[in-house]
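*Asks:* Just one file: data39.txt, with compact mmCIF, C-alpha atoms.
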# COMPACT_ATOMS: atom_id res chain seq x y z
CA GLN A 222 95.69 71.14 136.27
CA PRO A 223 92.00 70.87 137.22
CA GLN A 224 92.34 73.41 140.03
CA TRP A 225 93.84 76.04 137.73
CA ALA A 226 91.27 75.28 135.04
CA ALA A 227 88.42 75.77 137.49
CA GLN A 228 89.94 79.07 138.64
CA ARG A 229 90.22 80.38 135.09
CA ILE A 230 86.68 79.29 134.23
CA GLU A 231 85.43 81.14 137.28
CA ARG A 232 87.31 84.25 136.17
CA VAL A 233 85.36 84.28 132.92
CA LEU A 234 82.01 83.48 134.50
CA SER A 235 82.38 86.05 137.28
CA SER A 236 83.36 88.75 134.78
CA VAL A 237 80.33 87.91 132.65
CA ARG A 238 78.08 88.08 135.71
CA ARG A 239 79.51 91.42 136.90
CA SER A 240 79.61 93.30 133.61
CA ARG A 241 76.77 93.57 131.12
CA PRO A 242 79.09 94.79 128.28
CA ILE A 243 81.25 91.68 128.73
CA LEU A 244 78.11 89.50 128.89
CA LEU A 245 76.98 90.81 125.51
CA LEU A 246 80.40 90.17 123.97
CA ALA A 247 80.53 86.63 125.38
CA GLY A 248 77.76 85.62 122.99
CA ASN A 249 80.30 85.58 120.17
CA PRO A 250 82.34 82.32 120.11
CA MET A 251 85.57 83.98 118.98
CA LEU A 252 85.39 86.73 121.60
CA LEU A 253 84.53 84.13 124.23
CA THR A 254 87.67 82.21 123.22
CA ILE A 255 89.74 85.39 123.64
CA MET A 256 88.17 85.85 127.08
CA ALA A 257 89.36 82.37 128.00
CA LEU A 258 92.87 83.17 126.77
CA LEU A 259 92.97 86.38 128.79
CA ALA A 260 91.65 84.61 131.88
CA ARG A 261 94.71 82.35 131.88
CA GLU A 262 96.85 85.28 133.00
CA GLN A 263 94.62 88.02 134.40
CA GLU A 264 91.20 89.19 135.45
CA LEU A 265 89.03 90.20 132.53
CA PRO A 266 88.46 93.94 132.00
CA ARG A 267 84.95 95.10 132.81
CA GLU A 268 84.71 97.87 130.21
CA ARG A 269 84.29 97.27 126.49
CA ALA A 270 87.18 99.50 125.43
CA ALA A 271 89.59 97.85 127.87
CA PHE A 272 88.52 94.39 126.72
CA TYR A 273 88.91 95.31 123.05
CA GLU A 274 92.41 96.58 123.71
CA ALA A 275 93.32 93.42 125.59
CA ALA A 276 91.89 91.29 122.76
CA VAL A 277 94.00 93.13 120.17
CA ASN A 278 97.06 92.74 122.38
CA VAL A 279 96.45 88.99 122.56
CA ARG A 280 96.24 88.71 118.79
CA CYS A 281 99.38 90.82 118.34
CA HIS A 282 101.31 89.00 121.06
CA HIS A 283 100.86 85.65 119.31
CA TRP A 284 101.73 87.15 115.93
CA ASP A 285 105.29 86.31 114.85
CA ALA A 286 105.34 89.17 112.37
CA ASN A 287 109.14 89.36 112.07
CA ARG A 288 109.47 85.96 110.45
CA ASN A 289 110.86 86.19 106.89
CA LEU A 290 110.72 90.00 106.87
CA LYS A 291 113.79 91.78 105.51
CA LEU A 292 114.04 94.74 107.86
CA PRO A 293 117.13 96.74 108.87
CA GLU A 294 119.24 94.84 111.39
CA THR A 295 118.40 97.23 114.23
CA ASP A 296 114.65 97.17 113.50
CA TYR A 297 111.91 94.65 114.16
CA LEU A 298 108.17 94.80 114.59
CA ARG A 299 107.25 95.56 118.19
CA LEU A 300 103.80 95.31 119.73
CA GLU A 301 103.13 99.00 119.12
CA ASP A 302 104.24 98.68 115.48
CA LYS A 303 101.78 95.85 114.91
CA LYS A 304 98.95 97.85 116.49
CA GLU A 305 99.88 100.94 114.46
CA LEU A 306 99.69 98.91 111.26
CA LEU A 307 96.33 97.42 112.20
CA ARG A 308 94.95 100.85 113.08
CA ARG A 309 96.03 102.13 109.69
CA VAL A 310 94.39 99.20 107.93
CA ALA A 311 91.19 99.78 109.92
CA MET A 312 91.14 103.45 108.99
CA ARG A 313 91.66 102.65 105.31
CA MET A 314 88.94 99.99 105.45
CA GLN A 315 86.50 102.33 107.16
CA THR A 316 86.99 105.50 105.20
CA GLY A 317 88.40 104.31 101.89
CA SER A 318 91.52 106.37 102.60
CA ALA A 319 94.13 106.83 105.32
CA GLY A 320 92.89 110.37 105.93
CA GLN A 321 89.77 111.82 107.45
CA ALA A 322 86.46 110.01 107.16
CA PRO A 323 84.02 111.22 104.53
CA GLY A 324 80.29 111.43 105.03
CA PRO A 325 78.32 108.25 105.75
CA SER A 326 78.03 105.81 102.88
CA PRO A 327 76.85 102.46 104.25
CA ASN A 328 76.88 100.72 100.88
CA ARG A 329 80.45 101.71 100.04
CA PRO A 330 82.88 98.71 100.01
CA GLY A 331 85.22 100.54 102.37
CA SER A 332 82.59 101.34 104.98
CA LEU A 333 82.01 99.83 108.39
CA ALA A 334 78.84 98.17 107.12
CA ALA A 335 80.81 96.19 104.56
CA ASN A 336 83.91 95.51 106.71
CA ALA A 337 85.82 94.83 103.50
CA ILE A 338 88.76 96.13 101.51
CA HIS A 339 90.03 95.03 98.12
CA GLU A 340 93.33 93.17 98.10
CA THR A 341 94.95 95.83 95.91
CA ASP A 342 94.03 98.65 98.32
CA LEU A 343 95.09 96.60 101.33
CA GLU A 344 98.46 95.78 99.76
CA ALA A 345 99.02 99.44 98.84
CA GLU A 346 98.23 100.60 102.38
CA VAL A 347 100.49 98.05 104.08
CA ALA A 348 103.30 98.68 101.57
CA ALA A 349 103.04 102.42 102.17
CA TRP A 350 103.38 101.81 105.92
CA PHE A 351 106.52 99.71 105.45
CA GLY A 352 107.97 102.38 103.18
CA GLU A 353 107.29 105.16 105.70
CA ARG A 354 108.15 103.24 108.86
CA PHE A 355 111.24 101.32 107.70
CA LYS A 356 112.27 103.31 104.62
CA GLN A 357 112.02 100.22 102.45
CA PRO A 358 112.34 100.57 98.66
CA GLU A 359 109.06 100.13 96.83
CA PHE A 360 109.73 96.58 95.65
CA GLU A 361 110.78 95.47 99.15
CA ALA A 362 107.77 97.19 100.72
CA ILE A 363 105.43 95.35 98.35
CA LYS A 364 107.06 92.00 99.20
CA SER A 365 106.77 92.79 102.93
CA ALA A 366 103.14 93.81 102.47
CA ARG A 367 102.22 90.56 100.72
CA LEU A 368 103.93 88.50 103.40
CA MET A 369 102.23 90.53 106.14
CA ILE A 370 98.76 90.11 104.62
CA GLN A 371 99.34 86.37 104.39
CA GLN A 372 100.33 86.27 108.06
CA LEU A 373 97.32 88.35 109.10
CA ARG A 374 95.00 85.88 107.40
CA GLU A 375 96.72 82.50 107.89
CA ARG A 376 98.68 82.83 111.14
CA ASN A 377 97.26 85.72 113.12
CA TYR A 378 93.63 85.18 112.05
CA ILE A 379 92.72 88.83 112.47
CA LEU A 380 91.88 89.23 108.78
CA CYS A 381 89.86 86.84 106.64
CA LEU A 382 88.68 86.54 103.06
CA ARG A 383 85.15 87.86 102.55
CA GLY A 384 84.97 87.38 98.80
CA PRO A 385 87.18 87.21 95.73
CA ARG A 386 90.22 89.31 96.66
CA LEU A 387 88.23 91.01 99.43
CA TYR A 388 89.60 91.09 102.98
CA GLY A 389 87.91 92.04 106.24
CA PHE A 390 88.49 91.75 109.97
CA VAL A 391 87.33 88.42 111.37
CA HIS A 392 84.99 90.32 113.69
CA ARG A 393 83.62 93.81 113.34
CA THR A 394 84.72 94.51 116.90
CA PHE A 395 88.34 94.74 115.77
CA LEU A 396 87.47 97.19 113.00
CA GLU A 397 85.49 99.46 115.31
CA PHE A 398 88.00 99.45 118.15
CA LEU A 399 91.06 99.98 115.92
CA THR A 400 89.29 102.80 114.08
CA ALA A 401 88.50 104.53 117.37
CA ALA A 402 92.06 103.89 118.59
CA GLU A 403 93.46 105.59 115.48
CA TYR A 404 91.37 108.69 116.13
CA VAL A 405 92.54 108.71 119.77
CA THR A 406 96.16 108.47 118.62
CA ARG A 407 95.74 111.32 116.17
CA PHE A 408 94.01 113.50 118.75
CA LYS A 409 96.02 112.81 121.91
CA ASP A 410 99.46 111.69 120.76
CA GLU A 411 100.13 113.04 117.27
CA ARG A 412 97.93 116.14 117.62
CA THR A 413 97.01 115.89 113.94
CA LEU A 414 93.27 115.92 114.73
CA SER A 415 91.90 119.16 116.17
CA GLU A 416 89.03 119.64 118.59
CA ALA A 417 86.92 121.17 115.83
CA GLU A 418 87.61 118.22 113.51
CA LEU A 419 86.67 115.76 116.26
CA LEU A 420 83.39 117.57 116.86
CA ALA A 421 82.77 117.57 113.11
CA LEU A 422 83.26 113.79 113.13
CA TYR A 423 80.51 113.47 115.75
CA ASP A 424 78.26 115.88 113.88
CA THR A 425 78.68 113.97 110.61
CA HIS A 426 78.18 110.46 111.95
CA CYS A 427 76.06 110.78 115.12
CA ARG A 428 73.00 109.42 113.28
CA ASP A 429 74.92 106.78 111.34
CA ASP A 430 74.39 103.29 112.80
CA ASP A 431 77.66 102.09 111.27
CA TRP A 432 79.56 104.57 113.45
CA ARG A 433 77.66 104.03 116.69
CA GLU A 434 80.23 101.85 118.45
CA VAL A 435 83.17 103.90 117.19
CA LEU A 436 81.67 107.10 118.63
CA ARG A 437 80.84 105.34 121.90
CA LEU A 438 84.47 104.35 122.26
CA LEU A 439 85.45 107.95 121.53
CA HIS A 440 82.94 109.65 123.83
CA PRO A 441 85.43 110.88 126.51
CA LEU A 442 87.36 112.65 123.75
CA GLY A 443 84.12 114.11 122.43
CA LEU A 444 83.31 115.65 125.82
CA PHE A 445 86.83 117.05 126.04
CA ALA A 446 86.61 118.51 122.54
CA PHE A 447 83.23 120.08 123.34
CA ALA A 448 84.67 121.64 126.48
CA ALA A 449 87.79 122.85 124.65
CA VAL A 450 85.69 124.55 121.98
CA GLY A 451 82.75 125.70 124.10
CA LEU A 452 84.26 126.86 127.40
CA PRO A 453 86.28 129.76 125.93
CA TRP A 454 83.05 131.09 124.42
CA PHE A 455 81.22 130.81 127.76
CA ALA A 456 84.14 132.55 129.50
CA ALA A 457 84.14 135.37 126.94
CA MET A 458 80.37 135.84 127.27
CA GLN A 459 80.59 135.93 131.06
CA ALA A 460 83.40 138.49 130.90
CA GLN A 461 81.44 140.71 128.54
CA HIS A 462 78.05 140.18 130.20
CA PRO A 463 78.46 139.51 133.95
CA GLY A 464 74.90 138.24 134.32
CA PHE A 465 75.22 135.71 131.50
CA PHE A 466 75.94 132.62 133.64
CA ASP A 467 73.10 133.32 136.06
CA TYR A 468 70.57 133.95 133.29
CA PHE A 469 71.63 131.35 130.72
CA VAL A 470 72.55 128.48 133.05
CA MET A 471 70.76 128.98 136.35
CA GLU A 472 67.62 130.75 135.15
CA GLN A 473 67.01 128.87 131.87
CA HIS A 474 68.12 125.41 132.99
CA PHE A 475 67.06 125.21 136.63
CA ARG A 476 64.88 127.98 138.07
CA ARG A 477 62.35 127.98 135.24
CA TYR A 478 61.55 124.32 136.06
CA ALA A 479 61.69 124.61 139.85
CA GLN A 480 59.72 127.87 140.23
CA SER A 481 56.37 129.20 139.08
CA SER A 482 57.72 131.74 136.57
CA PHE A 483 57.48 131.38 132.75
CA ASN A 484 53.79 130.36 133.05
CA ASN A 485 54.94 127.21 134.79
CA VAL A 486 51.95 125.92 136.73
CA HIS A 487 53.37 122.46 137.52
CA PRO A 488 55.36 121.42 140.59
CA ALA A 489 59.02 120.42 140.18
CA TRP A 490 58.29 116.69 140.39
CA PHE A 491 56.07 116.95 137.29
CA TYR A 492 59.12 117.13 135.00
CA LEU A 493 60.72 114.11 136.61
CA ALA A 494 57.55 112.12 136.00
CA VAL A 495 57.40 113.24 132.39
Could you rewrite the structure in this file as structure tokens?
*Replies:*
Amino acid sequence: QPQWAAQRIERVLSSVRRSRPILLLAGNPMLLTIMALLAREQELPRERAAFYEAAVNVRCHHWDANRNLKLPETDYLRLEDKKELLRRVAMRMQTGSAGQAPGPSPNRPGSLAANAIHETDLEAEVAAWFGERFKQPEFEAIKSARLMIQQLRERNYILCLRGPRLYGFVHRTFLEFLTAAEYVTRFKDERTLSEAELLALYDTHCRDDDWREVLRLLHPLGLFAFAAVGLPWFAAMQAQHPGFFDYFVMEQHFRRYAQSSFNNVHPAWFYLAV
């Protein structure tokens, strides 16, 4: 009905006006279409991470992944299963393996810059997931993997062909968000990623443009990991040297800029101007 249509259009336009991150995403036709789909049922999220998650949920919700799959009678692919599989594919595509990310290599076919994975590697990753998740024999897992890849490209439209036997996500946004989501899952839920390993991830890729959006999506975890690693050291130093906090934090970070010590001949406002 025209009244409902006008209301949904206004939802999209008002969200774009209120949120700069959403405005930047709206410049992509496919993401704008997903915004319109979301606006049919709800207000659009204002944060990038929340919008990415909603966009993935939309794609997974309209994905009839159980069709023609031979799974145990009590099992079927739920929303979380679909997202777990996509996260695993994203991690394999990004790093070239299902494990930890290696150092930056922007020209590597499995890197974020390429957003591509060879059909053989993709099939092996999806088949391995079916074998682990549903205990399928190898031949059944391979059949399920081939059917799933076909659905992802032809029915779900989250993967596309980028060259001869090369697959990639239809938009880099999905790759970046699902990669970040996999790290969050490993850190918060599975506890297979330690604070030190998370900090090492930041240290390795903080200057890598291909990782910029992934690390932005992870930044709350990065702060937590920094605090988890750093605060015990600060506490130990304060316990051993009672004047440590006053000297290291208050003196070196505040008083030396606000007072005339340390050969500081400028007023406090000088540093704000600089």
*Asks:* So, counting only C-alpha atoms, which residue among A:Leu300, A:Ala402, A:Ile230, A:Leu368 is closest to Met312 of chain A?
*Replies:* A:Ala402
*Asks:* Using all atoms listed in the file, which of A:Arg376, A:Arg386, A:Arg308, A:His462 sits nearest Glu403 of chain A?
*Replies:*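 Among the listed residues, A:Arg308 lies closest to Glu403 of chain A.
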*Asks:* Quick one: residues within 12 Å of Ile379 of chain A, all atoms listed in the file, excluding same-chain residues fewer than 5 positions away - as a PyMOL selection string?
*Replies:* chain A and resi 251-252+276-281+283-284+303-304+307+310-311+369-374+388-396+399
*Asks:* Point out the residue among A:Val435, A:Val237, A:Ala494, A:Ala417 with the least atom-to-atom distance to Ala270 of chain A, counting only C-alpha atoms.
*Replies:*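 Residue with the minimum atom-to-atom distance to Ala270 of chain A: A:Val435.
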*Asks:* In Å to one decimal, how far is atom CA of Ala449 of chain A from atom CA of Glu416 of chain A?
*Replies:*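 The value is 7.0 Å.
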*Asks:* Taking (91.0, 81.5, 136.2) in the file's own coordinates, collect the residues within 10 Å, counting all atoms listed in the file, and hand them back as a ChimeraX atom specification.
*Replies:* /A:224-235,257-265
*Asks:* Of the residues A:Phe272, A:Phe469, A:Tyr423, A:Phe455, which is the one nearest to Leu253 of chain A, using all atoms listed in the file?
*Replies:* A:Phe272
*Asks:* Leaving out Leu420 of chain A and any residue of its chain fewer than 2 positions from it, which residues lie within 12 Å of it when counting only C-alpha atoms, given as a list in words?
*Replies:*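 Using only C-alpha atoms, the neighbours found are Tyr404, Phe408, Leu414, Ser415, Glu416, Ala417, Glu418, Leu422, Tyr423, Asp424, Thr425, His426, Cys427, Leu436, Leu439, His440, Pro441, Leu442, Gly443, Leu444, Phe445, Ala446, Phe447, Ala448, Ala449, Val450 and Gly451 of chain A.
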*Asks:* Please rebuild segment 411-435 of chain A with N, CA and C atoms and return the result as a PDB file, keeping the file's coordinate frame.
*Replies:*
ATOM      1  N   GLU A 411      99.539 112.372 118.427  1.00  0.00           N
ATOM      2  CA  GLU A 411     100.130 113.040 117.270  1.00  0.00           C
ATOM      3  C   GLU A 411      99.674 114.478 117.126  1.00  0.00           C
ATOM      4  N   ARG A 412      98.526 114.806 117.716  1.00  0.00           N
ATOM      5  CA  ARG A 412      97.930 116.140 117.620  1.00  0.00           C
ATOM      6  C   ARG A 412      97.695 116.560 116.174  1.00  0.00           C
ATOM      7  N   THR A 413      97.335 115.597 115.331  1.00  0.00           N
ATOM      8  CA  THR A 413      97.010 115.890 113.940  1.00  0.00           C
ATOM      9  C   THR A 413      95.500 116.005 113.726  1.00  0.00           C
ATOM     10  N   LEU A 414      94.728 115.788 114.777  1.00  0.00           N
ATOM     11  CA  LEU A 414      93.270 115.920 114.730  1.00  0.00           C
ATOM     12  C   LEU A 414      92.869 116.977 115.744  1.00  0.00           C
ATOM     13  N   SER A 415      92.252 118.050 115.292  1.00  0.00           N
ATOM     14  CA  SER A 415      91.900 119.160 116.170  1.00  0.00           C
ATOM     15  C   SER A 415      90.575 118.904 116.875  1.00  0.00           C
ATOM     16  N   GLU A 416      90.292 119.740 117.884  1.00  0.00           N
ATOM     17  CA  GLU A 416      89.030 119.640 118.590  1.00  0.00           C
ATOM     18  C   GLU A 416      87.854 119.878 117.645  1.00  0.00           C
ATOM     19  N   ALA A 417      88.002 120.869 116.775  1.00  0.00           N
ATOM     20  CA  ALA A 417      86.920 121.170 115.830  1.00  0.00           C
ATOM     21  C   ALA A 417      86.677 120.008 114.867  1.00  0.00           C
ATOM     22  N   GLU A 418      87.753 119.354 114.420  1.00  0.00           N
ATOM     23  CA  GLU A 418      87.610 118.220 113.510  1.00  0.00           C
ATOM     24  C   GLU A 418      86.970 117.035 114.218  1.00  0.00           C
ATOM     25  N   LEU A 419      87.286 116.853 115.499  1.00  0.00           N
ATOM     26  CA  LEU A 419      86.670 115.760 116.260  1.00  0.00           C
ATOM     27  C   LEU A 419      85.179 116.003 116.438  1.00  0.00           C
ATOM     28  N   LEU A 420      84.808 117.249 116.749  1.00  0.00           N
ATOM     29  CA  LEU A 420      83.390 117.570 116.860  1.00  0.00           C
ATOM     30  C   LEU A 420      82.678 117.407 115.521  1.00  0.00           C
ATOM     31  N   ALA A 421      83.362 117.755 114.434  1.00  0.00           N
ATOM     32  CA  ALA A 421      82.770 117.570 113.110  1.00  0.00           C
ATOM     33  C   ALA A 421      82.543 116.098 112.811  1.00  0.00           C
ATOM     34  N   LEU A 422      83.430 115.233 113.306  1.00  0.00           N
ATOM     35  CA  LEU A 422      83.260 113.790 113.130  1.00  0.00           C
ATOM     36  C   LEU A 422      81.973 113.323 113.811  1.00  0.00           C
ATOM     37  N   TYR A 423      81.746 113.802 115.039  1.00  0.00           N
ATOM     38  CA  TYR A 423      80.510 113.470 115.750  1.00  0.00           C
ATOM     39  C   TYR A 423      79.299 114.012 115.008  1.00  0.00           C
ATOM     40  N   ASP A 424      79.393 115.253 114.551  1.00  0.00           N
ATOM     41  CA  ASP A 424      78.260 115.880 113.880  1.00  0.00           C
ATOM     42  C   ASP A 424      77.902 115.138 112.595  1.00  0.00           C
ATOM     43  N   THR A 425      78.920 114.655 111.878  1.00  0.00           N
ATOM     44  CA  THR A 425      78.680 113.970 110.610  1.00  0.00           C
ATOM     45  C   THR A 425      78.077 112.590 110.796  1.00  0.00           C
ATOM     46  N   HIS A 426      78.516 111.874 111.836  1.00  0.00           N
ATOM     47  CA  HIS A 426      78.180 110.460 111.950  1.00  0.00           C
ATOM     48  C   HIS A 426      77.297 110.107 113.156  1.00  0.00           C
ATOM     49  N   CYS A 427      76.811 111.092 113.894  1.00  0.00           N
ATOM     50  CA  CYS A 427      76.060 110.780 115.120  1.00  0.00           C
ATOM     51  C   CYS A 427      74.774 110.018 114.835  1.00  0.00           C
ATOM     52  N   ARG A 428      74.236 110.131 113.633  1.00  0.00           N
ATOM     53  CA  ARG A 428      73.000 109.420 113.280  1.00  0.00           C
ATOM     54  C   ARG A 428      73.274 108.228 112.360  1.00  0.00           C
ATOM     55  N   ASP A 429      74.522 107.873 112.217  1.00  0.00           N
ATOM     56  CA  ASP A 429      74.920 106.780 111.340  1.00  0.00           C
ATOM     57  C   ASP A 429      75.133 105.517 112.192  1.00  0.00           C
ATOM     58  N   ASP A 430      74.296 104.512 112.003  1.00  0.00           N
ATOM     59  CA  ASP A 430      74.390 103.290 112.800  1.00  0.00           C
ATOM     60  C   ASP A 430      75.752 102.610 112.653  1.00  0.00           C
ATOM     61  N   ASP A 431      76.376 102.747 111.495  1.00  0.00           N
ATOM     62  CA  ASP A 431      77.660 102.090 111.270  1.00  0.00           C
ATOM     63  C   ASP A 431      78.781 102.690 112.104  1.00  0.00           C
ATOM     64  N   TRP A 432      78.541 103.887 112.642  1.00  0.00           N
ATOM     65  CA  TRP A 432      79.560 104.570 113.450  1.00  0.00           C
ATOM     66  C   TRP A 432      79.226 104.537 114.937  1.00  0.00           C
ATOM     67  N   ARG A 433      78.132 103.923 115.314  1.00  0.00           N
ATOM     68  CA  ARG A 433      77.660 104.030 116.690  1.00  0.00           C
ATOM     69  C   ARG A 433      78.705 103.566 117.705  1.00  0.00           C
ATOM     70  N   GLU A 434      79.269 102.379 117.484  1.00  0.00           N
ATOM     71  CA  GLU A 434      80.230 101.850 118.450  1.00  0.00           C
ATOM     72  C   GLU A 434      81.535 102.636 118.436  1.00  0.00           C
ATOM     73  N   VAL A 435      81.951 103.091 117.267  1.00  0.00           N
ATOM     74  CA  VAL A 435      83.170 103.900 117.190  1.00  0.00           C
ATOM     75  C   VAL A 435      83.015 105.168 118.026  1.00  0.00           C
TER      76      VAL A 435
END
